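One structure is given here, and the rest of the page talks about it.
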Amino acid sequence: MNYWLIKSEPFVYSYDQLVNDGKTDWTGVRNYQARNNLKAMEKGDICFYYHSNEGMEIVGSAKVNKTFFQDPTTEDKNWVAVEVVPHKKFKKTVKLQDVKEDKRLANMVLVKNSRLSVQPVTAAEAKIIEELSK
């Protein structure tokens, strides 16, 4: 199993909306590196759900339910989407500031390349995020 971090502004598509919908296609990614990360996702992978701009915190996790397919929001064959389903809403959100202050997460992509909308998370980082969310 692999771990990822996916970003959405809460006013665009919040984690609570994902819970209400039960699943969603993760569409609209228009960065090649982020697209390649979508292509690398496997069914069952865990995606940490990050509310960007507003909140700037990891609020829960989702699971990849369907691997990459043509993004239905564009006819350009370069862009893909995955389907995700809710996995776990965190009791305690993990704020960006907490991530930045934790020396064990100093090399996390969220710290080094915070603008990337779909990014890998190592198993060790995932364990720390889970720990911080309790």
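As shown in the structure tokens, the chain order sets the letters A, B, ...; within each chain, residues go from 1, and ligands are also counted from 1 in the order they appear.
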
Residues of chain A classed as alpha helix (DSSP H) by DSSP on the backbone are to be reported as an MDAnalysis selection string.
chainID A and resid 10:13 15:21 32:40 96:101 109:112 123:132

I'd like to know which residues of chain A are strand (DSSP E) (by DSSP, run on the backbone); could you write them as number ranges by chain?
A: 3-8, 24-26, 46-51, 57-70, 80-95, 118-121

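Of the listed residues A:Leu110, A:Ile6, A:Val99, A:Val64, the one whose atoms come nearest to Val82 of chain A is A:Val64, with distances taken using only C-alpha atoms.
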
Can you tell me, as a list in words, what residues are no more than 7 Å from Tyr49 of chain A when counting only C-alpha atoms, ignoring any on the same chain fewer than 4 positions away?
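Near Tyr49 of chain A, the qualifying residues are Leu5, Ile6, Lys7, Tyr15, Ile58, Val59, Gly60, Ser61 and Ala62 of chain A.
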
What does the file look like for those residues with N, CA and C atoms, as a PDB file, in the first residue's frame?
```
ATOM      1  N   LEU A   5      -0.999  12.456  -0.467  1.00  0.00           N
ATOM      2  CA  LEU A   5      -1.709  13.601   0.092  1.00  0.00           C
ATOM      3  C   LEU A   5      -2.402  14.294  -1.078  1.00  0.00           C
ATOM      4  N   ILE A   6      -3.702  14.515  -0.929  1.00  0.00           N
ATOM      5  CA  ILE A   6      -4.468  15.220  -1.956  1.00  0.00           C
ATOM      6  C   ILE A   6      -5.012  16.497  -1.327  1.00  0.00           C
ATOM      7  N   LYS A   7      -5.058  17.546  -2.127  1.00  0.00           N
ATOM      8  CA  LYS A   7      -5.456  18.860  -1.610  1.00  0.00           C
ATOM      9  C   LYS A   7      -6.738  19.340  -2.258  1.00  0.00           C
ATOM     10  N   TYR A  15     -13.772  17.682   2.932  1.00  0.00           N
ATOM     11  CA  TYR A  15     -13.810  16.284   3.341  1.00  0.00           C
ATOM     12  C   TYR A  15     -15.232  15.888   3.742  1.00  0.00           C
ATOM     13  N   ILE A  58      -4.567  18.741   7.558  1.00  0.00           N
ATOM     14  CA  ILE A  58      -4.990  17.410   7.130  1.00  0.00           C
ATOM     15  C   ILE A  58      -6.166  17.029   8.015  1.00  0.00           C
ATOM     16  N   VAL A  59      -7.307  16.780   7.385  1.00  0.00           N
ATOM     17  CA  VAL A  59      -8.536  16.587   8.162  1.00  0.00           C
ATOM     18  C   VAL A  59      -8.998  15.140   8.217  1.00  0.00           C
ATOM     19  N   GLY A  60      -8.408  14.283   7.384  1.00  0.00           N
ATOM     20  CA  GLY A  60      -8.809  12.883   7.367  1.00  0.00           C
ATOM     21  C   GLY A  60      -8.094  12.151   6.260  1.00  0.00           C
ATOM     22  N   SER A  61      -8.621  10.971   5.964  1.00  0.00           N
ATOM     23  CA  SER A  61      -8.028  10.179   4.888  1.00  0.00           C
ATOM     24  C   SER A  61      -9.119   9.591   4.005  1.00  0.00           C
ATOM     25  N   ALA A  62      -8.717   9.289   2.786  1.00  0.00           N
ATOM     26  CA  ALA A  62      -9.591   8.658   1.801  1.00  0.00           C
ATOM     27  C   ALA A  62      -8.837   7.456   1.248  1.00  0.00           C
TER      28      ALA A  62
END
```

Point-to-point distance in Å for atom CA of Thr67 of chain A and atom CA of Pro10 of chain A:
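Taking atom CA of Pro10 of chain A and atom CA of Thr67 of chain A, their separation equals 23.7 Å.
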
Which residues are close to Asp21 of chain A, i.e. within 12 Å by only C-alpha atoms, leaving aside same-chain residues fewer than 6 positions away? Reply as a ChimeraX atom specification.
/A:13-15,83-86

Which value, in Å to one decimal, gives the distance between atom CA of Asp76 of chain A and atom CA of Val121 of chain A?
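Taking atom CA of Asp76 of chain A and atom CA of Val121 of chain A, their separation equals 27.9 Å.
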
Contacts of Glu125 of chain A within 8 Å, only C-alpha atoms, excl. fewer than 5 positions in-chain, as a PyMOL selection string:
chain A and resi 104-105+108

Rounded to one decimal, what separation in Å do you get between atom CA of Ala124 of chain A and atom CA of Lys66 of chain A?
24.7 Å

A:Met56, A:Met1, A:Leu38, A:Leu96: which is nearest Lys112 of chain A, counting only C-alpha atoms?
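Looking only at the distances to Lys112 of chain A, the closest residue turns out to be A:Leu96.
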
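Once Lys91 of chain A and its same-chain neighbours fewer than 2 positions away are set aside, A:Val59, A:Gly60, A:Lys88, A:Lys89, A:Thr93, A:Val94, A:Leu132, A:Ser133, A:Lys134 remain within 10 Å of it when counting only C-alpha atoms.
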
Put those residues in a file: C-alpha atoms, as a JSON list (two decimals), in the first residue's frame.
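Listing of out_34.json after writing:
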```
[["chain", "number", "residue", "atom", "x", "y", "z"],
["A", 59, "VAL", "CA", -8.54, 16.59, 8.16],
["A", 60, "GLY", "CA", -8.81, 12.88, 7.37],
["A", 88, "LYS", "CA", -11.33, 8.16, 8.27],
["A", 89, "LYS", "CA", -12.10, 11.63, 9.57],
["A", 93, "THR", "CA", -6.70, 17.78, 12.45],
["A", 94, "VAL", "CA", -3.01, 18.01, 11.62],
["A", 132, "LEU", "CA", -0.50, 13.51, 15.34],
["A", 133, "SER", "CA", -4.19, 13.08, 14.49],
["A", 134, "LYS", "CA", -5.00, 11.33, 17.79]]
```

Leaving out Phe11 of chain A and any residue of its chain fewer than 4 positions from it, which residues lie within 12 Å of it when counting only C-alpha atoms, given as a list in words?
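Within the cut-off, the hits are Lys7, Tyr15, Asp16, Gln17, His51, Ser52, Asn53, Glu54 and Gly55 of chain A.
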